[in-house]
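Visitor: Next comes target18.pdb, PDB, C-alpha atoms:
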```pdb
MODEL        1
ATOM      1  CA  MET W   1      80.444 218.850 173.279
ATOM      2  CA  THR W   2      80.832 216.708 170.258
ATOM      3  CA  ARG W   3      83.192 213.835 170.214
ATOM      4  CA  LYS W   4      84.928 212.567 167.183
ATOM      5  CA  ALA W   5      83.538 209.281 166.050
ATOM      6  CA  PRO W   6      85.817 206.450 167.071
ATOM      7  CA  PRO W   7      87.887 205.074 164.226
ATOM      8  CA  ALA W   8      86.175 202.332 162.301
ATOM      9  CA  PRO W   9      87.278 198.929 163.545
ATOM     10  CA  ALA W  10      89.786 197.229 161.298
ATOM     11  CA  ALA W  11      88.117 194.776 158.991
ATOM     12  CA  GLU W  12      88.181 191.352 160.593
ATOM     13  CA  PRO W  13      89.750 188.841 158.274
ATOM     14  CA  THR W  14      87.596 185.842 157.626
ATOM     15  CA  PRO W  15      88.967 182.766 159.401
ATOM     16  CA  ALA W  16      90.255 181.283 156.145
ATOM     17  CA  ALA W  17      91.999 184.459 155.012
ATOM     18  CA  PRO W  18      95.765 184.097 155.251
ATOM     19  CA  ASP W  19      97.411 186.681 157.443
ATOM     20  CA  PRO W  20     100.048 188.633 155.460
ATOM     21  CA  ALA W  21     102.458 188.440 158.410
ATOM     22  CA  LEU W  22     102.122 184.660 158.441
ATOM     23  CA  LEU W  23     102.548 184.529 154.670
ATOM     24  CA  ARG W  24     105.778 186.489 154.990
ATOM     25  CA  ARG W  25     107.068 183.957 157.513
ATOM     26  CA  LEU W  26     106.030 181.053 155.300
ATOM     27  CA  LEU W  27     107.909 182.737 152.462
ATOM     28  CA  ARG W  28     110.983 182.654 154.699
ATOM     29  CA  ALA W  29     110.697 178.874 154.901
ATOM     30  CA  ARG W  30     110.325 178.690 151.130
ATOM     31  CA  ASP W  31     113.375 180.916 150.695
ATOM     32  CA  ARG W  32     115.381 178.646 152.962
ATOM     33  CA  MET W  33     114.437 175.610 150.874
ATOM     34  CA  ASP W  34     115.395 177.548 147.756
ATOM     35  CA  ALA W  35     118.766 178.427 149.212
ATOM     36  CA  ALA W  36     119.594 174.872 150.291
ATOM     37  CA  SER W  37     117.325 172.470 148.447
ATOM     38  CA  HIS W  38     119.881 169.668 148.766
ATOM     39  CA  GLU W  39     119.384 169.659 152.529
ATOM     40  CA  GLU W  40     116.708 167.762 154.372
ATOM     41  CA  TRP W  41     113.677 169.893 155.210
ATOM     42  CA  PRO W  42     111.451 167.990 157.602
ATOM     43  CA  VAL W  43     108.308 169.798 158.643
ATOM     44  CA  ASN W  44     109.639 170.589 162.124
ATOM     45  CA  ARG W  45     112.607 172.433 160.611
ATOM     46  CA  LEU W  46     110.398 174.429 158.249
ATOM     47  CA  ALA W  47     107.862 175.166 160.960
ATOM     48  CA  ARG W  48     110.627 176.537 163.136
ATOM     49  CA  VAL W  49     111.773 178.904 160.371
ATOM     50  CA  SER W  50     108.216 180.159 159.981
ATOM     51  CA  GLY W  51     107.486 180.328 163.678
ATOM     52  CA  VAL W  52     104.340 178.232 163.396
ATOM     53  CA  SER W  53     103.391 174.896 164.852
ATOM     54  CA  GLU W  54     104.210 171.744 162.953
ATOM     55  CA  ALA W  55     100.536 170.922 162.866
ATOM     56  CA  HIS W  56      99.717 174.090 160.970
ATOM     57  CA  PHE W  57     102.775 174.455 158.814
ATOM     58  CA  ALA W  58     102.088 172.051 155.956
ATOM     59  CA  ARG W  59      98.509 173.166 155.507
ATOM     60  CA  SER W  60      99.370 176.851 155.714
ATOM     61  CA  PHE W  61     102.198 176.417 153.233
ATOM     62  CA  LYS W  62      99.957 174.646 150.747
ATOM     63  CA  GLU W  63      97.283 177.302 151.101
ATOM     64  CA  ALA W  64      99.859 180.022 150.534
ATOM     65  CA  PHE W  65     101.829 178.563 147.663
ATOM     66  CA  GLY W  66      99.479 176.015 146.154
ATOM     67  CA  THR W  67     101.757 173.045 146.688
ATOM     68  CA  PRO W  68     102.755 171.044 149.759
ATOM     69  CA  PRO W  69     106.247 171.823 151.098
ATOM     70  CA  HIS W  70     107.776 168.446 150.272
ATOM     71  CA  ARG W  71     106.604 168.694 146.690
ATOM     72  CA  TYR W  72     107.883 172.233 146.428
ATOM     73  CA  LEU W  73     111.277 170.980 147.584
ATOM     74  CA  LEU W  74     111.151 168.247 144.960
ATOM     75  CA  THR W  75     110.606 170.792 142.185
ATOM     76  CA  ARG W  76     113.568 172.823 143.416
ATOM     77  CA  ARG W  77     115.814 169.775 143.499
ATOM     78  CA  LEU W  78     114.722 168.825 140.020
ATOM     79  CA  GLU W  79     115.277 172.379 138.831
ATOM     80  CA  ARG W  80     118.846 172.303 140.095
ATOM     81  CA  ALA W  81     119.454 168.886 138.618
ATOM     82  CA  LEU W  82     118.103 170.040 135.255
ATOM     83  CA  ALA W  83     120.402 173.072 135.298
ATOM     84  CA  LEU W  84     123.442 170.972 136.214
ATOM     85  CA  LEU W  85     122.653 168.417 133.521
ATOM     86  CA  ARG W  86     122.160 171.155 130.968
ATOM     87  CA  GLU W  87     125.069 173.376 131.810
ATOM     88  CA  THR W  88     127.820 171.180 133.224
ATOM     89  CA  ASP W  89     129.335 167.832 132.416
ATOM     90  CA  THR W  90     129.228 166.742 136.059
ATOM     91  CA  PRO W  91     128.612 162.973 136.240
ATOM     92  CA  ILE W  92     124.949 162.124 136.798
ATOM     93  CA  ILE W  93     125.629 160.276 140.039
ATOM     94  CA  ASP W  94     127.358 163.364 141.451
ATOM     95  CA  ILE W  95     124.395 165.525 140.412
ATOM     96  CA  ALA W  96     122.044 163.102 142.159
ATOM     97  CA  PHE W  97     123.864 163.431 145.476
ATOM     98  CA  ALA W  98     124.582 167.150 145.083
ATOM     99  CA  THR W  99     120.908 167.946 144.621
ATOM    100  CA  GLY W 100     119.707 165.998 147.639
ATOM    101  CA  TRP W 101     118.809 162.501 146.517
ATOM    102  CA  GLY W 102     119.915 159.584 148.639
ATOM    103  CA  SER W 103     120.665 157.303 145.706
ATOM    104  CA  LEU W 104     121.154 157.358 141.960
ATOM    105  CA  GLY W 105     118.226 154.974 141.557
ATOM    106  CA  THR W 106     115.753 157.228 143.350
ATOM    107  CA  PHE W 107     116.997 160.215 141.412
ATOM    108  CA  GLY W 108     116.711 158.504 138.041
ATOM    109  CA  ARG W 109     113.261 157.095 138.790
ATOM    110  CA  THR W 110     111.862 160.385 140.083
ATOM    111  CA  PHE W 111     113.456 162.288 137.228
ATOM    112  CA  ARG W 112     111.893 160.017 134.646
ATOM    113  CA  ASP W 113     108.515 160.056 136.373
ATOM    114  CA  ILE W 114     108.422 163.826 136.264
ATOM    115  CA  THR W 115     110.102 164.691 132.997
ATOM    116  CA  GLY W 116     109.450 161.556 130.954
ATOM    117  CA  GLU W 117     113.146 161.203 130.164
ATOM    118  CA  SER W 118     116.123 159.729 131.959
ATOM    119  CA  PRO W 119     118.753 162.214 133.159
ATOM    120  CA  GLY W 120     121.115 160.969 130.438
ATOM    121  CA  GLU W 121     118.491 161.373 127.702
ATOM    122  CA  PHE W 122     117.646 164.856 128.946
ATOM    123  CA  ARG W 123     121.282 165.884 128.939
ATOM    124  CA  ALA W 124     121.920 164.563 125.433
ATOM    125  CA  ARG W 125     118.825 166.283 124.060
ATOM    126  CA  THR W 126     119.450 169.689 125.636
ATOM    127  CA  VAL W 127     123.100 169.669 124.604
ATOM    128  CA  ARG W 128     121.941 169.087 121.023
ATOM    129  CA  GLU W 129     119.355 171.844 121.338
ATOM    130  CA  MET W 130     121.769 174.308 122.900
ATOM    131  CA  GLN W 131     124.196 173.703 120.074
ATOM    132  CA  ALA W 132     121.328 174.536 117.737
ATOM    133  CA  GLY W 133     120.822 177.841 119.583
ATOM    134  CA  ALA W 134     117.701 177.135 121.608
ATOM    135  CA  HIS W 135     117.280 177.847 125.362
ATOM    136  CA  ASP W 136     119.393 180.985 125.344
ATOM    137  CA  LEU W 137     118.561 182.643 128.655
ATOM    138  CA  ARG W 138     122.022 184.038 129.263
ATOM    139  CA  ALA W 139     120.689 187.603 129.487
ATOM    140  CA  VAL W 140     118.318 186.563 132.297
ATOM    141  CA  PRO W 141     119.501 186.475 135.948
ATOM    142  CA  ALA W 142     120.631 182.957 136.718
ATOM    143  CA  CYS W 143     118.092 181.971 139.336
ATOM    144  CA  ILE W 144     115.222 183.298 137.254
ATOM    145  CA  ALA W 145     116.486 181.475 134.192
ATOM    146  CA  ALA W 146     116.604 178.285 136.263
ATOM    147  CA  ALA W 147     113.102 178.853 137.634
ATOM    148  CA  VAL W 148     111.745 179.002 134.098
ATOM    149  CA  HIS W 149     112.706 175.355 133.740
ATOM    150  CA  ARG W 150     111.275 174.326 137.108
ATOM    151  CA  PRO W 151     109.034 171.309 136.676
ATOM    152  CA  HIS W 152     105.395 172.058 137.235
ATOM    153  CA  LEU W 153     104.122 169.422 139.615
ATOM    154  CA  ALA W 154     100.384 169.747 139.795
ATOM    155  CA  ILE W 155      99.982 166.259 141.229
ATOM    156  CA  ALA W 156     102.038 164.097 143.536
ATOM    157  CA  VAL W 157     104.692 161.968 141.910
ATOM    158  CA  SER W 158     103.198 158.854 143.481
ATOM    159  CA  GLU W 159      99.877 159.744 141.896
ATOM    160  CA  LYS W 160     101.476 160.317 138.501
ATOM    161  CA  ARG W 161     103.131 156.889 138.738
ATOM    162  CA  ARG W 162      99.872 155.250 139.697
ATOM    163  CA  ARG W 163      97.952 156.822 136.852
ATOM    164  CA  GLU W 164     100.560 155.818 134.341
ATOM    165  CA  ALA W 165     100.700 152.294 135.709
ATOM    166  CA  THR W 166      96.963 151.797 135.518
ATOM    167  CA  GLY W 167      96.446 153.878 132.403
ATOM    168  CA  ASN W 168      93.533 155.515 134.153
ATOM    169  CA  LEU W 169      92.566 159.080 133.568
ATOM    170  CA  PRO W 170      91.610 160.816 136.788
ATOM    171  CA  ALA W 171      87.971 160.924 137.592
ATOM    172  CA  PRO W 172      86.696 164.495 137.729
ATOM    173  CA  ASN W 173      86.360 164.560 141.500
ATOM    174  CA  GLU W 174      89.291 162.393 142.344
ATOM    175  CA  GLN W 175      91.100 163.446 145.477
ATOM    176  CA  GLU W 176      94.775 164.048 145.189
ATOM    177  CA  VAL W 177      96.939 161.481 146.950
ATOM    178  CA  PRO W 178      99.818 163.366 148.528
TER     179      PRO W 178
ATOM    180  CA  MET S 179     115.980 217.136 131.646
ATOM    181  CA  SER S 180     116.458 213.625 130.391
ATOM    182  CA  GLN S 181     113.442 211.639 129.336
ATOM    183  CA  GLY S 182     112.813 208.194 130.722
ATOM    184  CA  VAL S 183     111.436 206.276 133.691
ATOM    185  CA  GLY S 184     111.472 208.484 136.788
ATOM    186  CA  VAL S 185     109.745 206.500 139.526
ATOM    187  CA  VAL S 186     108.902 202.854 139.911
ATOM    188  CA  GLY S 187     106.932 201.953 143.016
ATOM    189  CA  LEU S 188     107.090 198.967 145.303
ATOM    190  CA  TYR S 189     104.308 197.989 147.621
ATOM    191  CA  VAL S 190     105.568 197.645 151.180
ATOM    192  CA  ARG S 191     103.741 196.631 154.346
ATOM    193  CA  ASP S 192     105.062 199.506 156.438
ATOM    194  CA  GLN S 193     106.709 202.631 155.046
ATOM    195  CA  GLU S 194     108.771 203.385 158.135
ATOM    196  CA  GLU S 195     110.167 199.864 158.174
ATOM    197  CA  ALA S 196     110.841 200.026 154.425
ATOM    198  CA  LEU S 197     112.549 203.404 154.763
ATOM    199  CA  LYS S 198     114.914 202.069 157.410
ATOM    200  CA  PHE S 199     115.595 198.998 155.335
ATOM    201  CA  TYR S 200     116.374 200.727 152.057
ATOM    202  CA  VAL S 201     118.322 203.599 153.615
ATOM    203  CA  ASP S 202     120.149 201.974 156.541
ATOM    204  CA  LYS S 203     120.689 198.513 155.101
ATOM    205  CA  VAL S 204     120.711 198.814 151.303
ATOM    206  CA  GLY S 205     122.328 202.255 151.166
ATOM    207  CA  PHE S 206     119.729 204.300 149.316
ATOM    208  CA  LYS S 207     118.960 207.935 150.127
ATOM    209  CA  VAL S 208     115.580 209.514 150.727
ATOM    210  CA  HIS S 209     114.491 211.516 147.712
ATOM    211  CA  THR S 210     110.984 212.653 148.659
ATOM    212  CA  ASP S 211     109.023 212.097 151.828
ATOM    213  CA  VAL S 212     105.799 214.067 152.031
ATOM    214  CA  LYS S 213     102.596 213.406 153.904
ATOM    215  CA  ASN S 214      99.050 214.441 153.285
ATOM    216  CA  GLY S 215      96.807 213.122 156.041
ATOM    217  CA  ASP S 216      97.354 209.379 156.124
ATOM    218  CA  TYR S 217      98.899 209.400 152.696
ATOM    219  CA  ARG S 218     102.664 209.399 152.411
ATOM    220  CA  TRP S 219     104.587 209.780 149.170
ATOM    221  CA  LEU S 220     107.964 208.237 149.895
ATOM    222  CA  THR S 221     110.699 207.666 147.361
ATOM    223  CA  VAL S 222     114.303 206.630 147.769
ATOM    224  CA  GLN S 223     117.163 206.723 145.381
ATOM    225  CA  HIS S 224     120.419 204.950 144.702
ATOM    226  CA  PRO S 225     123.244 207.400 145.445
ATOM    227  CA  GLU S 226     124.713 206.845 141.981
ATOM    228  CA  GLN S 227     121.430 207.072 140.082
ATOM    229  CA  PRO S 228     119.984 210.574 140.394
ATOM    230  CA  SER S 229     117.451 210.226 137.590
ATOM    231  CA  PHE S 230     115.600 207.277 139.127
ATOM    232  CA  GLN S 231     113.473 206.992 142.254
ATOM    233  CA  LEU S 232     112.164 203.872 143.901
ATOM    234  CA  GLY S 233     108.770 204.520 145.464
ATOM    235  CA  LEU S 234     107.914 202.808 148.745
ATOM    236  CA  PHE S 235     104.156 202.811 148.885
ATOM    237  CA  THR S 236     101.552 201.080 150.980
ATOM    238  CA  PRO S 237      98.464 199.737 149.287
ATOM    239  CA  SER S 238      95.789 201.864 150.902
ATOM    240  CA  ALA S 239      92.489 203.674 150.713
ATOM    241  CA  PRO S 240      91.222 205.721 148.982
ATOM    242  CA  MET S 241      93.022 204.432 145.898
ATOM    243  CA  LEU S 242      92.229 200.823 146.758
ATOM    244  CA  ASP S 243      89.281 199.240 148.507
ATOM    245  CA  ALA S 244      89.859 197.155 151.646
ATOM    246  CA  ALA S 245      89.640 193.792 149.878
ATOM    247  CA  THR S 246      92.167 194.876 147.266
ATOM    248  CA  VAL S 247      94.500 196.223 149.948
ATOM    249  CA  ARG S 248      94.389 192.840 151.588
ATOM    250  CA  ALA S 249      94.973 191.001 148.317
ATOM    251  CA  VAL S 250      97.986 193.169 147.496
ATOM    252  CA  GLN S 251      99.430 192.670 150.991
ATOM    253  CA  GLU S 252      99.112 188.916 150.548
ATOM    254  CA  ILE S 253     100.752 188.938 147.143
ATOM    255  CA  VAL S 254     103.707 190.965 148.413
ATOM    256  CA  ALA S 255     104.087 188.794 151.532
ATOM    257  CA  LYS S 256     104.123 185.659 149.379
ATOM    258  CA  GLY S 257     106.994 187.017 147.318
ATOM    259  CA  ALA S 258     104.900 187.027 144.160
ATOM    260  CA  MET S 259     105.816 190.499 142.959
ATOM    261  CA  PRO S 260     108.125 190.642 139.927
ATOM    262  CA  PRO S 261     111.895 190.487 140.331
ATOM    263  CA  LEU S 262     113.965 193.570 141.089
ATOM    264  CA  VAL S 263     117.594 193.838 140.132
ATOM    265  CA  LEU S 264     120.284 195.889 141.840
ATOM    266  CA  ASN S 265     123.553 196.205 139.939
ATOM    267  CA  VAL S 266     126.664 196.267 142.107
ATOM    268  CA  LYS S 267     130.400 196.391 141.494
ATOM    269  CA  ASP S 268     131.187 193.648 144.032
ATOM    270  CA  CYS S 269     128.356 191.255 144.741
ATOM    271  CA  ARG S 270     130.140 189.229 147.397
ATOM    272  CA  ALA S 271     131.184 192.299 149.377
ATOM    273  CA  ALA S 272     127.730 193.859 149.095
ATOM    274  CA  CYS S 273     126.184 190.612 150.269
ATOM    275  CA  GLU S 274     128.443 190.361 153.298
ATOM    276  CA  SER S 275     127.807 193.980 154.200
ATOM    277  CA  MET S 276     124.040 193.484 153.992
ATOM    278  CA  ARG S 277     124.175 190.252 155.939
ATOM    279  CA  GLY S 278     126.055 192.102 158.668
ATOM    280  CA  LYS S 279     123.164 194.531 158.850
ATOM    281  CA  GLY S 280     120.645 191.746 159.200
ATOM    282  CA  VAL S 281     119.315 191.561 155.646
ATOM    283  CA  GLU S 282     117.735 188.235 154.674
ATOM    284  CA  ILE S 283     120.054 186.832 152.028
ATOM    285  CA  THR S 284     117.956 184.413 150.002
ATOM    286  CA  GLN S 285     120.680 183.268 147.643
ATOM    287  CA  GLU S 286     124.398 183.198 148.244
ATOM    288  CA  PRO S 287     126.576 184.833 145.581
ATOM    289  CA  THR S 288     126.805 182.525 142.600
ATOM    290  CA  GLU S 289     128.954 182.957 139.530
ATOM    291  CA  ARG S 290     127.543 182.190 136.134
ATOM    292  CA  TYR S 291     128.678 183.291 132.694
ATOM    293  CA  GLY S 292     131.050 185.729 134.404
ATOM    294  CA  ASN S 293     128.237 187.447 136.340
ATOM    295  CA  VAL S 294     127.988 187.062 140.092
ATOM    296  CA  ASP S 295     124.478 187.219 141.467
ATOM    297  CA  ALA S 296     122.900 186.917 144.885
ATOM    298  CA  GLY S 297     119.407 187.349 146.271
ATOM    299  CA  PHE S 298     117.877 189.226 149.160
ATOM    300  CA  ARG S 299     114.411 190.129 150.301
ATOM    301  CA  ASP S 300     112.995 193.244 151.902
ATOM    302  CA  PRO S 301     110.928 192.963 155.098
ATOM    303  CA  SER S 302     107.696 193.122 153.099
ATOM    304  CA  GLY S 303     108.624 190.216 150.810
ATOM    305  CA  ASN S 304     109.891 191.991 147.703
ATOM    306  CA  GLY S 305     112.691 189.928 146.218
ATOM    307  CA  TRP S 306     115.867 191.408 144.803
ATOM    308  CA  LYS S 307     118.631 190.003 142.679
ATOM    309  CA  MET S 308     121.946 191.670 143.238
ATOM    310  CA  ILE S 309     124.112 191.355 140.171
ATOM    311  CA  GLN S 310     127.736 192.060 139.524
ATOM    312  CA  PRO S 311     127.875 192.135 135.741
ATOM    313  CA  ALA S 312     130.706 190.433 133.886
ATOM    314  CA  GLN S 313     133.611 192.710 133.112
ATOM    315  CA  GLY S 314     133.600 194.333 129.689
TER     316      GLY S 314
ENDMDL
END
```
Translate this file's structure into structure tokens.
Guide:
Amino acid sequence: MTRKAPPAPAAEPTPAAPDPALLRRLLRARDRMDAASHEEWPVNRLARVSGVSEAHFARSFKEAFGTPPHRYLLTRRLERALALLRETDTPIIDIAFATGWGSLGTFGRTFRDITGESPGEFRARTVREMQAGAHDLRAVPACIAAAVHRPHLAIAVSEKRRREATGNLPAPNEQEVP
Amino acid sequence: MSQGVGVVGLYVRDQEEALKFYVDKVGFKVHTDVKNGDYRWLTVQHPEQPSFQLGLFTPSAPMLDAATVRAVQEIVAKGAMPPLVLNVKDCRAACESMRGKGVEITQEPTERYGNVDAGFRDPSGNGWKMIQPAQG
């Protein structure tokens, strides 16, 4: 009697290939940061959301989303701060605390390092531009409109500061300093 | 017949799981569910939108090769598919109802420009905005 050939074994993922089920759980951690970016998100908290070990979380997150979790959180905080500066007249110090910074000084310094402007300068400029009719994303869902303005942090803020301080361009093979 | 978009498909990781999610938790109805071997054509529909079907499809052979299947699964699981928008009359109530059914709410209802919007995600990773448009 003939037997049906056994089903072909499922393709083994290569060791480096991210498992979609793991990616989905990492996305859950990213979603939680999105939903509450003003909160503290130490690695152990994020790892718990994703159901992975602390040792693996940061690396897995960076592999999945191209940026380390703490830097991702920074971009989300900045995004919220930018939106509040643009769209409300909330005092800057209140925005700093509401978006998760521990002090006005840290907020202002990080803001300037990333955007090149102080929060006050940014607010004055965008108010002028909005009065002139630019930036009209009112027809776009709010969170997507905000994401459009999310700062793109390809390098660590500390690295950006260092480069600006020394005036050095990065060497081609320079390792990123997290 | 009316002309226009009839079906838009989502990629999901598991059609049975997606069916339960969109029918039991989001409130859609099954429109078409037919199988041919391993292939399953599955569409659901909003009860108030008879001319539109949402397809719940798995990336699979023979349309896609194994490496592409894997790539698509990863993209969906990372939440990188484009945004979906569900219009609702009462965003806060819809959100509470979904939360009660165990839906992952990714953004609490937020009011802006008179709209109220919230976010949720399906089990596969597809992200939805739920929007209560401003009156008038």
Visitor: For the file shown, what are the residues hit by the PyMOL selection byres ((chain W) within 9 of (chain S)), laid out as a PDB file with C-alpha atoms, in the coordinates of the input?
Guide:
```pdb
ATOM      1  CA  ALA W  11      88.117 194.776 158.991  1.00  0.00           C
ATOM      2  CA  PRO W  18      95.765 184.097 155.251  1.00  0.00           C
ATOM      3  CA  ASP W  19      97.411 186.681 157.443  1.00  0.00           C
ATOM      4  CA  PRO W  20     100.048 188.633 155.460  1.00  0.00           C
ATOM      5  CA  ALA W  21     102.458 188.440 158.410  1.00  0.00           C
ATOM      6  CA  LEU W  22     102.122 184.660 158.441  1.00  0.00           C
ATOM      7  CA  LEU W  23     102.548 184.529 154.670  1.00  0.00           C
ATOM      8  CA  ARG W  24     105.778 186.489 154.990  1.00  0.00           C
ATOM      9  CA  ARG W  25     107.068 183.957 157.513  1.00  0.00           C
ATOM     10  CA  LEU W  26     106.030 181.053 155.300  1.00  0.00           C
ATOM     11  CA  LEU W  27     107.909 182.737 152.462  1.00  0.00           C
ATOM     12  CA  ARG W  28     110.983 182.654 154.699  1.00  0.00           C
ATOM     13  CA  ASP W  31     113.375 180.916 150.695  1.00  0.00           C
ATOM     14  CA  ARG W  32     115.381 178.646 152.962  1.00  0.00           C
ATOM     15  CA  ASP W  34     115.395 177.548 147.756  1.00  0.00           C
ATOM     16  CA  ALA W  35     118.766 178.427 149.212  1.00  0.00           C
ATOM     17  CA  ALA W  36     119.594 174.872 150.291  1.00  0.00           C
ATOM     18  CA  ALA W  64      99.859 180.022 150.534  1.00  0.00           C
ATOM     19  CA  PHE W  65     101.829 178.563 147.663  1.00  0.00           C
ATOM     20  CA  ARG W 138     122.022 184.038 129.263  1.00  0.00           C
ATOM     21  CA  PRO W 141     119.501 186.475 135.948  1.00  0.00           C
ATOM     22  CA  ALA W 142     120.631 182.957 136.718  1.00  0.00           C
ATOM     23  CA  CYS W 143     118.092 181.971 139.336  1.00  0.00           C
ATOM     24  CA  ILE W 144     115.222 183.298 137.254  1.00  0.00           C
TER      25      ILE W 144
END
```
Visitor: How many Å separate atom CA of Val185 of chain S from atom CA of Gln231 of chain S?
Guide: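 Atom-to-atom, atom CA of Val185 of chain S and atom CA of Gln231 of chain S are spaced 4.6 Å apart.
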Visitor: Enter the distance from atom CA of Phe61 of chain W to atom CA of Ile155 of chain W, in Å, rounded to one decimal.
Guide: 15.9 Å
Visitor: If I take atom CA of Arg123 of chain W and atom CA of Ala147 of chain W, how far is one from the other in Å, to one decimal?
Guide: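 Result for atom CA of Arg123 of chain W versus atom CA of Ala147 of chain W: 17.6 Å, one decimal.
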Visitor: Which polymer residues, whether protein, DNA or RNA, lie within 12 Å of the coordinate (120.3, 215.1, 136.3) when you count all atoms listed in the file? List them as a PDB file with C-alpha atoms, in the frame of the given file, using the chain letters and numbers from the file.
Guide:
```
ATOM      1  CA  MET S 179     115.980 217.136 131.646  1.00  0.00           C
ATOM      2  CA  SER S 180     116.458 213.625 130.391  1.00  0.00           C
ATOM      3  CA  GLN S 181     113.442 211.639 129.336  1.00  0.00           C
ATOM      4  CA  GLY S 182     112.813 208.194 130.722  1.00  0.00           C
ATOM      5  CA  GLY S 184     111.472 208.484 136.788  1.00  0.00           C
ATOM      6  CA  GLU S 226     124.713 206.845 141.981  1.00  0.00           C
ATOM      7  CA  GLN S 227     121.430 207.072 140.082  1.00  0.00           C
ATOM      8  CA  PRO S 228     119.984 210.574 140.394  1.00  0.00           C
ATOM      9  CA  SER S 229     117.451 210.226 137.590  1.00  0.00           C
ATOM     10  CA  PHE S 230     115.600 207.277 139.127  1.00  0.00           C
TER      11      PHE S 230
END
```
